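Novice: What follows is protein.cif; its format and atoms are mmCIF, C-alpha atoms and all ligand atoms.
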```
data_protein
#
loop_
_atom_site.label_atom_id
_atom_site.label_comp_id
_atom_site.auth_asym_id
_atom_site.auth_seq_id
_atom_site.Cartn_x
_atom_site.Cartn_y
_atom_site.Cartn_z
CA MET A 1 95.97 94.25 117.49
CA ASN A 2 99.53 95.51 117.95
CA ARG A 3 100.88 92.18 116.83
CA LEU A 4 99.15 92.56 113.48
CA ARG A 5 101.20 93.94 110.62
CA ALA A 6 100.20 97.36 109.31
CA PRO A 7 98.28 96.17 106.25
CA VAL A 8 96.34 93.79 108.42
CA ARG A 9 95.44 96.52 110.88
CA ARG A 10 94.29 98.55 107.90
CA LEU A 11 92.09 95.73 106.74
CA LEU A 12 90.54 95.35 110.15
CA THR A 13 89.86 99.01 110.66
CA GLY A 14 89.82 100.39 107.17
CA PRO A 15 87.20 100.73 104.54
CA VAL A 16 87.55 97.27 103.03
CA GLY A 17 84.91 95.69 105.12
CA GLY A 18 84.36 97.95 108.01
CA VAL A 19 81.99 95.37 109.35
CA GLY A 20 83.67 94.34 112.54
CA ARG A 21 86.48 92.51 114.25
CA PRO A 22 87.47 89.04 113.15
CA SER A 23 86.00 86.11 114.95
CA ALA A 24 87.96 84.30 117.65
CA ALA A 25 88.80 81.70 115.03
CA ALA A 26 90.34 84.40 112.86
CA ARG A 27 92.45 85.80 115.67
CA GLY A 28 94.21 82.56 116.52
CA ASN A 29 94.42 78.79 116.16
CA PRO A 30 95.37 78.55 112.52
CA SER A 31 93.81 75.39 111.29
CA ARG A 32 94.85 74.77 107.74
CA GLY A 33 97.13 75.74 104.91
CA ASN A 34 100.83 75.08 104.70
CA SER A 35 102.49 77.56 102.40
CA SER A 36 105.95 78.49 103.55
CA ALA A 37 104.64 82.01 104.09
CA GLY A 38 102.51 80.72 106.91
CA ARG A 39 99.33 78.94 107.76
CA MET A 40 95.96 80.16 106.75
CA GLU A 41 92.75 80.14 108.67
CA THR A 42 89.48 78.81 107.38
CA ARG A 43 86.86 81.24 106.22
CA SER A 44 83.24 81.65 107.09
CA LYS A 45 80.34 83.70 105.89
CA GLN A 46 78.31 85.87 108.19
CA ARG A 47 75.36 88.22 107.95
CA CYS A 48 76.38 91.58 109.35
CA GLY A 49 73.64 94.17 109.63
CA GLY A 50 72.35 93.78 106.11
CA ALA A 51 75.77 93.40 104.56
CA PHE A 52 76.86 89.94 103.54
CA ALA A 53 80.42 89.58 104.66
CA ILE A 54 83.12 87.02 104.19
CA LEU A 55 85.68 86.42 106.87
CA ALA A 56 88.48 86.53 104.43
CA ALA A 57 91.67 85.28 105.99
CA THR A 58 93.94 84.81 108.87
CA SER A 59 97.50 84.15 107.85
CA THR A 60 100.14 83.35 110.43
CA ARG A 61 103.88 82.91 110.49
CA ASN A 62 105.62 81.56 113.60
CA GLY A 63 102.40 81.98 115.52
CA THR A 64 102.09 85.69 114.73
CA VAL A 65 98.91 86.75 113.01
CA LEU A 66 99.78 88.28 109.65
CA GLY A 67 96.49 88.77 107.96
CA ALA A 68 92.87 88.82 108.86
CA ALA A 69 90.00 90.66 107.33
CA PHE A 70 86.35 90.96 106.86
CA VAL A 71 85.76 91.86 103.28
CA SER A 72 82.37 93.24 102.52
CA GLU A 73 81.01 91.14 99.73
CA THR A 74 77.59 92.55 99.10
CA ARG A 75 76.50 95.97 100.22
CA ARG A 76 73.07 97.48 100.43
CA ALA A 77 71.54 98.02 97.01
CA ASP A 78 72.08 101.78 97.19
CA ASP A 79 75.68 101.49 98.46
CA VAL A 80 77.52 101.17 95.18
CA TYR A 81 80.49 102.86 93.55
CA PRO A 82 79.53 105.26 90.74
CA ILE A 83 81.72 105.47 87.67
CA GLU A 84 82.40 109.15 86.97
CA GLN A 85 84.53 109.01 83.80
CA VAL A 86 85.50 106.45 81.20
CA GLU A 87 88.10 107.09 78.53
CA ALA A 88 89.76 104.79 75.99
CA LEU A 89 93.51 105.49 76.11
CA ASN A 90 94.24 103.19 73.20
CA PRO A 91 92.31 100.36 71.51
CA GLU A 92 93.24 97.98 74.37
CA VAL A 93 93.37 100.18 77.44
CA THR A 94 90.69 102.10 79.36
CA ARG A 95 90.97 104.74 82.07
CA MET A 96 88.10 104.85 84.58
CA VAL A 97 87.44 107.23 87.46
CA VAL A 98 85.38 105.70 90.27
CA ARG A 99 83.86 107.47 93.26
CA ALA A 100 85.16 105.80 96.44
CA PRO A 101 85.82 108.57 99.00
CA GLU A 102 86.96 106.38 101.92
CA ILE A 103 89.55 104.57 99.83
CA ALA A 104 90.67 107.80 98.15
CA LYS A 105 91.56 109.20 101.58
CA LYS A 106 93.87 106.30 102.37
CA ILE A 107 95.27 104.66 99.26
CA LYS A 108 98.98 105.12 98.48
CA PRO A 109 101.15 104.41 95.43
CA GLY A 110 101.60 100.68 94.91
CA GLN A 111 98.34 99.64 96.59
CA PHE A 112 95.46 98.00 94.81
CA ILE A 113 91.73 97.53 95.06
CA MET A 114 89.51 94.53 94.31
CA LEU A 115 86.36 95.32 92.38
CA ARG A 116 83.28 93.42 91.37
CA ILE A 117 80.90 94.64 88.70
CA ASP A 118 77.80 93.01 90.15
CA GLU A 119 76.73 90.30 92.56
CA GLN A 120 77.33 87.55 90.03
CA GLY A 121 80.69 88.90 88.94
CA GLU A 122 84.18 87.76 89.78
CA ARG A 123 86.37 89.90 91.97
CA ILE A 124 89.42 91.33 90.18
CA PRO A 125 92.45 93.19 91.52
CA LEU A 126 93.47 96.48 89.90
CA THR A 127 96.25 98.76 91.04
CA MET A 128 95.46 102.40 91.62
CA ASN A 129 96.71 104.71 88.89
CA ASP A 130 95.77 107.94 90.63
CA CYS A 131 93.57 109.25 93.39
CA ASP A 132 91.99 112.52 94.37
CA PRO A 133 91.19 112.54 98.09
CA GLU A 134 89.33 115.85 97.81
CA ALA A 135 87.10 114.71 94.97
CA GLY A 136 86.84 111.27 96.60
CA THR A 137 87.84 109.43 93.44
CA ILE A 138 90.20 106.64 92.41
CA THR A 139 91.49 106.25 88.86
CA ILE A 140 92.15 102.79 87.48
CA ILE A 141 93.61 101.90 84.11
CA PHE A 142 93.07 98.42 82.73
CA GLN A 143 93.50 96.33 79.63
CA ALA A 144 90.43 94.46 78.37
CA VAL A 145 91.93 90.98 78.38
CA GLY A 146 89.62 88.83 80.50
CA ALA A 147 85.88 88.27 80.85
CA THR A 148 85.53 90.91 83.56
CA THR A 149 87.81 93.59 82.13
CA ILE A 150 86.05 93.26 78.76
CA ARG A 151 82.72 93.91 80.53
CA LEU A 152 84.26 96.70 82.58
CA ALA A 153 85.53 98.45 79.45
CA GLN A 154 81.95 98.53 78.14
CA MET A 155 80.61 100.38 81.18
CA LYS A 156 79.81 104.08 80.96
CA ALA A 157 79.95 107.12 83.21
CA GLY A 158 76.83 106.96 85.39
CA ASP A 159 76.97 103.17 85.78
CA ALA A 160 78.07 101.80 89.15
CA LEU A 161 80.22 99.00 90.50
CA GLN A 162 78.90 96.63 93.15
CA ASP A 163 82.15 96.32 95.11
CA PHE A 164 85.30 98.37 95.27
CA ALA A 165 87.41 97.21 98.22
CA GLY A 166 90.72 98.54 99.40
CA PRO A 167 93.31 99.78 99.86
CA LEU A 168 94.98 96.36 99.67
CA GLY A 169 98.66 95.43 99.66
CA ASN A 170 101.51 97.55 100.95
CA PRO A 171 102.45 100.98 99.63
CA THR A 172 105.73 101.15 97.74
CA GLU A 173 108.62 102.24 99.98
CA LEU A 174 109.57 105.57 98.46
CA GLU A 175 110.75 107.70 101.37
CA GLY A 176 114.31 108.94 101.24
CA ALA A 177 114.96 108.37 97.54
CA LYS A 178 116.92 111.22 95.92
CA ARG A 179 117.54 109.94 92.39
CA ALA A 180 115.09 107.35 91.15
CA CYS A 181 114.35 105.58 87.92
CA VAL A 182 110.78 104.38 87.47
CA ILE A 183 110.29 101.84 84.70
CA GLY A 184 106.95 100.89 83.17
CA GLY A 185 106.50 98.14 80.61
CA GLY A 186 103.27 98.40 78.59
CA LEU A 187 100.28 98.57 80.93
CA GLY A 188 102.67 98.47 83.89
CA THR A 189 103.30 102.15 83.10
CA ALA A 190 99.92 103.00 84.60
CA ILE A 191 100.92 101.40 87.90
CA ALA A 192 104.38 102.93 87.88
CA PHE A 193 102.94 106.42 87.37
CA PRO A 194 101.79 107.14 90.96
CA GLN A 195 105.23 106.22 92.28
CA ALA A 196 106.92 108.59 89.83
CA LYS A 197 104.44 111.33 90.71
CA TRP A 198 104.92 110.87 94.46
CA LEU A 199 108.72 110.88 94.16
CA TYR A 200 108.76 113.92 91.90
CA ASP A 201 106.31 115.82 94.11
CA HIS A 202 108.57 115.04 97.11
CA GLY A 203 111.68 116.54 95.54
CA CYS A 204 113.28 113.42 94.09
CA GLU A 205 114.98 113.55 90.70
CA VAL A 206 112.97 111.04 88.66
CA ASP A 207 113.75 109.44 85.33
CA VAL A 208 110.81 107.52 83.89
CA ILE A 209 111.57 104.92 81.24
CA THR A 210 108.60 103.29 79.52
CA GLY A 211 108.43 100.61 76.86
CA PHE A 212 105.68 99.69 74.40
CA ARG A 213 105.33 97.46 71.36
CA ASN A 214 104.64 100.48 69.13
CA LYS A 215 103.89 104.20 69.33
CA ASP A 216 100.11 103.72 69.21
CA LEU A 217 100.24 101.95 72.58
CA VAL A 218 102.18 104.68 74.41
CA LEU A 219 100.43 105.56 77.68
CA LEU A 220 100.40 108.64 79.94
CA GLU A 221 103.06 110.57 78.03
CA ASP A 222 101.72 114.00 79.09
CA GLU A 223 101.08 113.00 82.72
CA ILE A 224 104.58 111.54 83.05
CA ASP A 225 106.07 114.63 81.44
CA ARG A 226 104.50 116.74 84.19
CA HIS A 227 105.78 114.49 86.98
CA SER A 228 109.30 113.50 85.99
CA THR A 229 112.70 115.02 85.44
CA ARG A 230 113.23 113.04 82.27
CA GLN A 231 111.00 110.71 80.24
CA ILE A 232 112.40 108.11 77.85
CA ILE A 233 109.89 106.19 75.73
CA MET A 234 111.15 103.06 74.00
CA THR A 235 109.26 101.06 71.38
CA ASP A 236 109.97 97.50 70.27
CA ASP A 237 109.47 98.41 66.61
CA GLY A 238 111.07 101.85 66.76
CA SER A 239 107.89 103.51 65.48
CA ASN A 240 108.42 106.49 67.82
CA GLY A 241 112.01 106.85 66.62
CA ASN A 242 113.42 105.24 69.78
CA LYS A 243 113.84 101.53 69.14
CA GLY A 244 114.82 99.22 71.97
CA LEU A 245 113.85 97.73 75.30
CA VAL A 246 113.53 99.60 78.58
CA THR A 247 116.62 97.78 79.85
CA GLN A 248 118.73 99.29 77.07
CA ALA A 249 117.65 102.78 78.09
CA LEU A 250 118.32 101.95 81.74
CA GLN A 251 121.81 100.67 80.97
CA GLN A 252 122.51 103.77 78.91
CA ARG A 253 121.44 106.07 81.74
CA ILE A 254 123.62 104.16 84.20
CA ASP A 255 126.56 104.37 81.76
CA GLU A 256 125.95 108.11 81.44
CA GLY A 257 126.42 108.42 85.20
CA ALA A 258 122.84 108.52 86.48
CA ASP A 259 123.54 107.71 90.08
CA TYR A 260 120.23 106.09 91.02
CA ASP A 261 119.54 105.14 94.60
CA LEU A 262 116.23 103.49 93.68
CA VAL A 263 114.84 101.70 90.65
CA LEU A 264 111.19 100.63 90.47
CA ALA A 265 109.96 98.35 87.71
CA VAL A 266 106.39 97.42 86.81
CA GLY A 267 105.58 95.39 83.74
CA PRO A 268 105.93 91.92 82.28
CA VAL A 269 107.79 89.49 84.55
CA ILE A 270 110.49 88.99 81.94
CA MET A 271 111.07 92.75 81.83
CA MET A 272 111.32 93.00 85.61
CA LYS A 273 113.75 90.08 85.63
CA PHE A 274 116.09 91.87 83.24
CA VAL A 275 115.72 95.23 84.98
CA ALA A 276 116.82 93.55 88.22
CA ALA A 277 119.70 91.84 86.39
CA THR A 278 120.78 95.22 85.00
CA THR A 279 120.86 96.98 88.38
CA LYS A 280 122.31 94.11 90.42
CA PRO A 281 125.99 94.63 89.49
CA TYR A 282 125.68 98.26 90.64
CA GLY A 283 123.93 97.40 93.92
CA ILE A 284 121.03 99.75 93.14
CA LYS A 285 118.01 99.06 95.35
CA THR A 286 115.39 97.69 92.97
CA TYR A 287 111.72 97.00 93.66
CA VAL A 288 109.50 95.09 91.30
CA SER A 289 105.69 94.94 91.44
CA MET A 290 104.59 91.34 91.07
CA ASN A 291 101.21 90.49 89.57
CA PRO A 292 100.51 86.79 90.01
CA LEU A 293 96.97 85.49 89.76
CA MET A 294 94.98 86.85 92.71
CA ILE A 295 91.79 85.26 93.91
CA ASP A 296 90.78 86.66 97.29
CA GLY A 297 93.46 89.35 97.72
CA THR A 298 93.68 88.72 101.45
CA GLY A 299 96.39 86.12 102.01
CA MET A 300 94.11 83.12 102.17
CA CYS A 301 93.93 81.31 98.85
CA GLY A 302 97.65 81.06 98.21
CA GLY A 303 97.19 81.79 94.51
CA CYS A 304 99.53 84.78 94.56
CA ARG A 305 102.62 83.11 96.07
CA VAL A 306 105.92 84.55 94.90
CA LYS A 307 109.31 83.01 95.69
CA VAL A 308 111.46 85.68 97.29
CA GLY A 309 114.84 84.48 98.52
CA ASP A 310 114.19 81.07 100.00
CA GLU A 311 110.59 81.64 101.07
CA TYR A 312 107.25 81.97 99.38
CA LEU A 313 105.44 85.23 100.12
CA HIS A 314 101.97 86.39 99.14
CA ALA A 315 101.89 89.28 96.69
CA CYS A 316 98.54 90.43 98.08
CA VAL A 317 99.56 90.89 101.73
CA ASP A 318 103.36 90.80 101.71
CA GLY A 319 103.74 92.72 98.43
CA PRO A 320 102.97 93.49 95.72
CA ASP A 321 106.46 95.09 95.68
CA PHE A 322 109.46 92.91 96.41
CA ASP A 323 113.23 93.25 96.27
CA GLY A 324 113.97 92.55 92.61
CA HIS A 325 117.33 91.02 93.47
CA LEU A 326 115.64 88.35 95.58
CA VAL A 327 112.59 87.45 93.46
CA ASP A 328 112.73 84.12 91.64
CA PHE A 329 111.35 85.37 88.32
CA ASP A 330 111.70 81.98 86.62
CA ASP A 331 109.47 80.44 89.29
CA ALA A 332 106.97 83.30 88.81
CA MET A 333 106.91 82.66 85.07
CA ARG A 334 106.42 78.92 85.61
CA ARG A 335 103.49 79.61 87.93
CA GLY A 336 102.06 82.07 85.38
CA VAL A 337 102.07 79.39 82.69
CA MET A 338 100.44 76.91 85.09
CA TYR A 339 97.39 79.16 85.48
CA ARG A 340 97.03 80.03 81.81
CA SER A 341 94.49 77.31 80.96
CA PHE A 342 92.42 78.29 83.99
CA GLU A 343 92.36 81.90 82.88
CA SER A 344 91.40 81.13 79.30
CA ALA A 345 88.67 78.77 80.54
CA ALA A 346 87.21 81.64 82.54
CA ARG A 347 87.44 83.98 79.55
CA GLU A 348 85.59 81.51 77.38
CA GLY A 349 82.99 80.86 80.07
CA ARG A 350 84.07 77.22 80.54
CA ASP A 351 84.26 75.52 83.93
CA CYS A 352 87.11 76.95 86.00
CA THR A 353 86.29 75.68 89.44
CA SER A 354 89.63 73.96 89.91
CA VAL A 355 93.05 75.44 89.41
CA PRO A 356 96.42 73.74 89.21
CA ASN A 357 98.57 72.91 92.20
CA GLY A 358 95.66 72.19 94.50
CA ASP A 359 94.66 75.84 94.83
CA SER A 360 90.97 76.44 94.60
CA PRO A 361 89.44 79.66 93.44
CA HIS A 362 87.56 80.87 96.50
CA LEU A 363 85.72 84.07 96.98
CA GLY A 364 84.61 85.20 93.59
CA HIS A 365 86.66 83.21 91.10
CA SER A 366 88.95 86.02 90.09
CA THR A 367 90.77 84.94 86.99
CA GLU A 368 92.51 88.16 86.07
CA ARG A 369 95.90 89.30 87.15
CA LYS A 370 96.49 92.41 89.13
CA GLY A 371 96.69 95.07 86.49
CA ALA A 372 96.65 98.76 86.57
P1 LIG B 1 104.87 94.13 76.45
O1 LIG B 1 105.04 92.66 76.34
O2 LIG B 1 104.51 94.91 75.26
O3 LIG B 1 106.20 94.72 77.10
C1 LIG B 1 106.29 96.08 77.46
C2 LIG B 1 107.72 96.48 77.44
O4 LIG B 1 108.46 95.71 78.38
C3 LIG B 1 108.42 96.26 76.11
O5 LIG B 1 108.14 97.26 75.20
C4 LIG B 1 109.89 96.25 76.53
O6 LIG B 1 110.45 97.53 76.62
C5 LIG B 1 109.81 95.65 77.93
N1 LIG B 1 110.24 94.25 77.83
C6 LIG B 1 109.51 93.19 77.40
N2 LIG B 1 110.28 92.09 77.39
C7 LIG B 1 111.51 92.46 77.81
C8 LIG B 1 112.75 91.79 78.02
N3 LIG B 1 112.86 90.49 77.78
N4 LIG B 1 113.80 92.50 78.46
C9 LIG B 1 113.70 93.82 78.72
N5 LIG B 1 112.55 94.52 78.55
C10 LIG B 1 111.48 93.85 78.09
O7 LIG B 1 103.81 94.45 77.55
P2 LIG B 1 102.23 94.53 77.31
O8 LIG B 1 101.83 93.74 76.12
O9 LIG B 1 101.77 95.91 77.44
O10 LIG B 1 101.71 93.68 78.50
C11 LIG B 1 101.68 94.18 79.73
C12 LIG B 1 102.39 93.21 80.59
O11 LIG B 1 102.54 93.83 81.82
C13 LIG B 1 101.64 91.91 80.80
O12 LIG B 1 102.62 90.87 80.79
C14 LIG B 1 101.07 92.08 82.18
O13 LIG B 1 100.93 90.86 82.87
C15 LIG B 1 102.11 92.95 82.80
N6 LIG B 1 101.60 93.77 83.89
C16 LIG B 1 102.29 93.71 85.02
C17 LIG B 1 101.85 94.42 86.10
C18 LIG B 1 102.60 94.34 87.37
O14 LIG B 1 102.06 94.69 88.41
N7 LIG B 1 103.83 93.86 87.33
C19 LIG B 1 100.72 95.20 85.99
C20 LIG B 1 100.04 95.28 84.78
C21 LIG B 1 100.50 94.54 83.72
FE1 LIG B 2 94.87 84.81 97.65
FE2 LIG B 2 96.95 86.43 97.72
S1 LIG B 2 96.59 84.70 98.95
S2 LIG B 2 95.29 86.49 96.36
#
```
Will you turn the file into structure tokens for me?
Ligand code: NAD
Ligand code: FES

Specialist:
Amino acid sequence: MNRLRAPVRRLLTGPVGGVGRPSAAARGNPSRGNSSAGRMETRSKQRCGGAFAILAATSTRNGTVLGAAFVSETRRADDVYPIEQVEALNPEVTRMVVRAPEIAKKIKPGQFIMLRIDEQGERIPLTMNDCDPEAGTITIIFQAVGATTIRLAQMKAGDALQDFAGPLGNPTELEGAKRACVIGGGLGTAIAFPQAKWLYDHGCEVDVITGFRNKDLVLLEDEIDRHSTRQIIMTDDGSNGNKGLVTQALQQRIDEGADYDLVLAVGPVIMMKFVAATTKPYGIKTYVSMNPLMIDGTGMCGGCRVKVGDEYLHACVDGPDFDGHLVDFDDAMRRGVMYRSFESAAREGRDCTSVPNGDSPHLGHSTERKGA
């Protein structure tokens, strides 16, 4: 167990599955897969005391087990996740509060959950926007862009979700920052918010720069106001009186002498690419939150590979945050385009049982990207 990385230990002992230790096959003898991030173990289904579980993954690098998990796939009929609040933040974006006390106790900024509406549904990753450990709730914010998020946006308080598994991924490394700039592009703002809140609540000076196409799409203005030293909202069309991209505001703050020791960016890949390019000449530590297509969320399917330096890593178990000065954003954008037809097929209800590049959509056919 000690050889397992922290997120893997969490998966084995945490609330994701909570249905037992991995099989002997999962603990060793990797038998297939050849991504440069490591080899991946086969999966198997097991009945576990009424719960139908999937042995999700064992991922190894240089013989060291990186990832292994039982993910509870179907729980008892009464063991569901009630939706407590639903609120439309703008015509495209919904905020939802879900009761999930075990996850609420453990989840940290930057981590995500995988949810499934019902037994027939696909599993989709969504990053936590907020949590209340005392109330036992997790807040998610999502854009209705795919088949599942469109259905999710139609659900009401009092409905329940079949699966809500997590926390998944690694928390963002925030300790020690004194002067940070948190950047959110569009919906990415909802993911960037918990980082800004954590930093601000821990005594860090925090600038939050957000960017939207127009003023009607602005998200979380009041919440960010309460948890930041300074908030700068940019719009592409200037409809809020502040025309420009987030990178222009960032450059201006750097020129004004903001001496950041940490920049975090969450948003479109192209935005994160240019944020990293802006901070690189100044040597400012910069993390970006990558959101490639995720299928199982456990390191097995390989769908979420991201090129970081000269190796491919998995956003779901190695990330989702990576050093922005090492990420190959052009490769990420190429991979994003590759999956586009698969995603639109799923949206339109067409066959999507094969995806490009030999990856196959295991474990629930998730066709939506990790969003907030
Ligand atoms: P958008 O396309 O409207 O962009 C939001 C902001 O990003 C813009 O207003 C602008 O300030 C900035 N931006 C865009 N292109 C830029 C460029 N070339 N240079 C500098 N800044 C730039 O975003 P949207 O329509 O709200 O879409 C949300 C996007 O965020 C989607 O692409 C989605 O995949 C992505 N997203 C990413 C994550 C993540 O974890 N990284 C999570 C949720 C959503
Ligand atoms: Fe499948 Fe990451 S390896 S989602």

Novice: Separation of atom CA of A:Gln195 and atom CA of A:Ala276, in Å?

Specialist: 17.6 Å

Novice: Take every atom of ligand LIG 2 (chain B) listed in the file, pad by 6 Å on each side, and give me the axis-aligned box centre and edge lengths in Å, one decimal, as lines of an AutoDock Vina configuration file.

Specialist:
```
center_x = 95.9
center_y = 85.6
center_z = 97.7
size_x = 14.1
size_y = 13.8
size_z = 14.6
```

Novice: Pick from A:Asp318, A:Asp216, A:Glu119, A:Asp330: nearest to A:Val269, with only C-alpha atoms counted?

Specialist: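 Distance minimum relative to A:Val269 lands on A:Asp330.
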
Novice: Would you kindly return, as a ChimeraX atom specification, each protein, DNA or RNA residue with an atom no farther than 10 Å from any atom of A:Met333, considering only C-alpha atoms and excluding same-chain residues fewer than 3 positions away?

Specialist: /A:268-270,292,328-330,336-338

Novice: Given the selection you just returned, output its residues as a file containing C-alpha atoms, formatted as an mmCIF file, keeping the file's coordinate frame.

Specialist:
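The resulting selection32.cif:
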```
data_model
loop_
_atom_site.group_PDB
_atom_site.id
_atom_site.type_symbol
_atom_site.label_atom_id
_atom_site.label_comp_id
_atom_site.auth_asym_id
_atom_site.auth_seq_id
_atom_site.Cartn_x
_atom_site.Cartn_y
_atom_site.Cartn_z
ATOM 1 C CA PRO A 268 105.930 91.920 82.280
ATOM 2 C CA VAL A 269 107.790 89.490 84.550
ATOM 3 C CA ILE A 270 110.490 88.990 81.940
ATOM 4 C CA PRO A 292 100.510 86.790 90.010
ATOM 5 C CA ASP A 328 112.730 84.120 91.640
ATOM 6 C CA PHE A 329 111.350 85.370 88.320
ATOM 7 C CA ASP A 330 111.700 81.980 86.620
ATOM 8 C CA GLY A 336 102.060 82.070 85.380
ATOM 9 C CA VAL A 337 102.070 79.390 82.690
ATOM 10 C CA MET A 338 100.440 76.910 85.090
#
```

Novice: If you take all atoms listed in the file and a cut-off of 6 Å, which residues of stretch 105-162 of chain A touch stretch 170-178 of chain A, and what are their nearest atom pairs and distances in Å to one decimal, in chain and number order, as a tab-separated table?

Specialist:
```
residue	atom	partner	partner_atom	distance
A:Lys108	CA	A:Pro171	CA	5.5
A:Pro109	CA	A:Pro171	CA	5.6
A:Gly110	CA	A:Pro171	CA	4.8
A:Gln111	CA	A:Pro171	CA	5.3
```

Novice: Kindly work out which residues sit at most 6 Å from ligand LIG 1 (chain B), using only C-alpha atoms and all ligand atoms, and give the list as JSON, numbers by chain.

Specialist: {"A": [185, 186, 187, 188, 211, 212, 213, 235, 236, 245, 246, 247, 266, 267, 268, 270, 271, 274, 289, 290, 291, 370, 371, 372]}

Novice: Between A:Leu220, A:Ala160, A:Val263, A:Ile113, which is the closest to A:Pro320 once you count all atoms listed in the file?

Specialist: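 Closest residue, counting all atoms listed in the file: A:Ile113.
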
Novice: Please find the residues contacting ligand LIG 2 (chain B) at a distance of at most 8 Å between atoms, with all atoms listed in the file counted, and report them as a PDB file with C-alpha atoms, in the frame of the given file.

Specialist:
```
ATOM      1  CA  LEU A 293      96.970  85.490  89.760  1.00  0.00           C
ATOM      2  CA  MET A 294      94.980  86.850  92.710  1.00  0.00           C
ATOM      3  CA  ILE A 295      91.790  85.260  93.910  1.00  0.00           C
ATOM      4  CA  ASP A 296      90.780  86.660  97.290  1.00  0.00           C
ATOM      5  CA  GLY A 297      93.460  89.350  97.720  1.00  0.00           C
ATOM      6  CA  THR A 298      93.680  88.720 101.450  1.00  0.00           C
ATOM      7  CA  GLY A 299      96.390  86.120 102.010  1.00  0.00           C
ATOM      8  CA  MET A 300      94.110  83.120 102.170  1.00  0.00           C
ATOM      9  CA  CYS A 301      93.930  81.310  98.850  1.00  0.00           C
ATOM     10  CA  GLY A 302      97.650  81.060  98.210  1.00  0.00           C
ATOM     11  CA  GLY A 303      97.190  81.790  94.510  1.00  0.00           C
ATOM     12  CA  CYS A 304      99.530  84.780  94.560  1.00  0.00           C
ATOM     13  CA  ARG A 305     102.620  83.110  96.070  1.00  0.00           C
ATOM     14  CA  HIS A 314     101.970  86.390  99.140  1.00  0.00           C
ATOM     15  CA  ALA A 315     101.890  89.280  96.690  1.00  0.00           C
ATOM     16  CA  CYS A 316      98.540  90.430  98.080  1.00  0.00           C
ATOM     17  CA  VAL A 317      99.560  90.890 101.730  1.00  0.00           C
TER      18      VAL A 317
END
```

Novice: Taking (86.6, 113.8, 93.6) as a centre in this file's frame and 9 Å as the limit, can you find every polymer residue with an atom that close, using only C-alpha atoms, and give them as a VMD selection string?

Specialist: chain A and resid 98 to 101 104 131 to 138

Novice: Within 6 Å of A:His227, counting all atoms listed in the file, which residues qualify if same-chain residues fewer than 3 places away don't, as a list in words?

Specialist: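 Within the cut-off, the hits are Lys197, Tyr200 and Ile224 of chain A.
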
Novice: At what distance in Å, to one decimal, does atom CA of A:Trp198 lie from atom CA of A:Asp259?

Specialist: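 Computing it gives 19.4 Å between the two atoms.
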
Novice: Work out how far atom CA of A:Asn242 is from atom CA of A:Lys273, in Å to one decimal.

Specialist: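 Computing the Euclidean distance for atom CA of A:Lys273 and atom CA of A:Asn242 yields 21.9 Å.
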
Novice: With a distance cut-off of 12 Å and only C-alpha atoms, select the neighbouring residues of A:Tyr81, excluding the residue or stretch itself and same-chain residues fewer than 2 positions from it, and output the selection as a ChimeraX atom specification.

Specialist: /A:75-79,83-84,96-103,115-118,136-138,157-165

Novice: Okay, now the selection with C-alpha atoms, as a PDB file, in the frame of the given file?

Specialist:
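What ended up in result.pdb:
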```pdb
ATOM      1  CA  ARG A  75      76.500  95.970 100.220  1.00  0.00           C
ATOM      2  CA  ARG A  76      73.070  97.480 100.430  1.00  0.00           C
ATOM      3  CA  ALA A  77      71.540  98.020  97.010  1.00  0.00           C
ATOM      4  CA  ASP A  78      72.080 101.780  97.190  1.00  0.00           C
ATOM      5  CA  ASP A  79      75.680 101.490  98.460  1.00  0.00           C
ATOM      6  CA  ILE A  83      81.720 105.470  87.670  1.00  0.00           C
ATOM      7  CA  GLU A  84      82.400 109.150  86.970  1.00  0.00           C
ATOM      8  CA  MET A  96      88.100 104.850  84.580  1.00  0.00           C
ATOM      9  CA  VAL A  97      87.440 107.230  87.460  1.00  0.00           C
ATOM     10  CA  VAL A  98      85.380 105.700  90.270  1.00  0.00           C
ATOM     11  CA  ARG A  99      83.860 107.470  93.260  1.00  0.00           C
ATOM     12  CA  ALA A 100      85.160 105.800  96.440  1.00  0.00           C
ATOM     13  CA  PRO A 101      85.820 108.570  99.000  1.00  0.00           C
ATOM     14  CA  GLU A 102      86.960 106.380 101.920  1.00  0.00           C
ATOM     15  CA  ILE A 103      89.550 104.570  99.830  1.00  0.00           C
ATOM     16  CA  LEU A 115      86.360  95.320  92.380  1.00  0.00           C
ATOM     17  CA  ARG A 116      83.280  93.420  91.370  1.00  0.00           C
ATOM     18  CA  ILE A 117      80.900  94.640  88.700  1.00  0.00           C
ATOM     19  CA  ASP A 118      77.800  93.010  90.150  1.00  0.00           C
ATOM     20  CA  GLY A 136      86.840 111.270  96.600  1.00  0.00           C
ATOM     21  CA  THR A 137      87.840 109.430  93.440  1.00  0.00           C
ATOM     22  CA  ILE A 138      90.200 106.640  92.410  1.00  0.00           C
ATOM     23  CA  ALA A 157      79.950 107.120  83.210  1.00  0.00           C
ATOM     24  CA  GLY A 158      76.830 106.960  85.390  1.00  0.00           C
ATOM     25  CA  ASP A 159      76.970 103.170  85.780  1.00  0.00           C
ATOM     26  CA  ALA A 160      78.070 101.800  89.150  1.00  0.00           C
ATOM     27  CA  LEU A 161      80.220  99.000  90.500  1.00  0.00           C
ATOM     28  CA  GLN A 162      78.900  96.630  93.150  1.00  0.00           C
ATOM     29  CA  ASP A 163      82.150  96.320  95.110  1.00  0.00           C
ATOM     30  CA  PHE A 164      85.300  98.370  95.270  1.00  0.00           C
ATOM     31  CA  ALA A 165      87.410  97.210  98.220  1.00  0.00           C
TER      32      ALA A 165
END
```
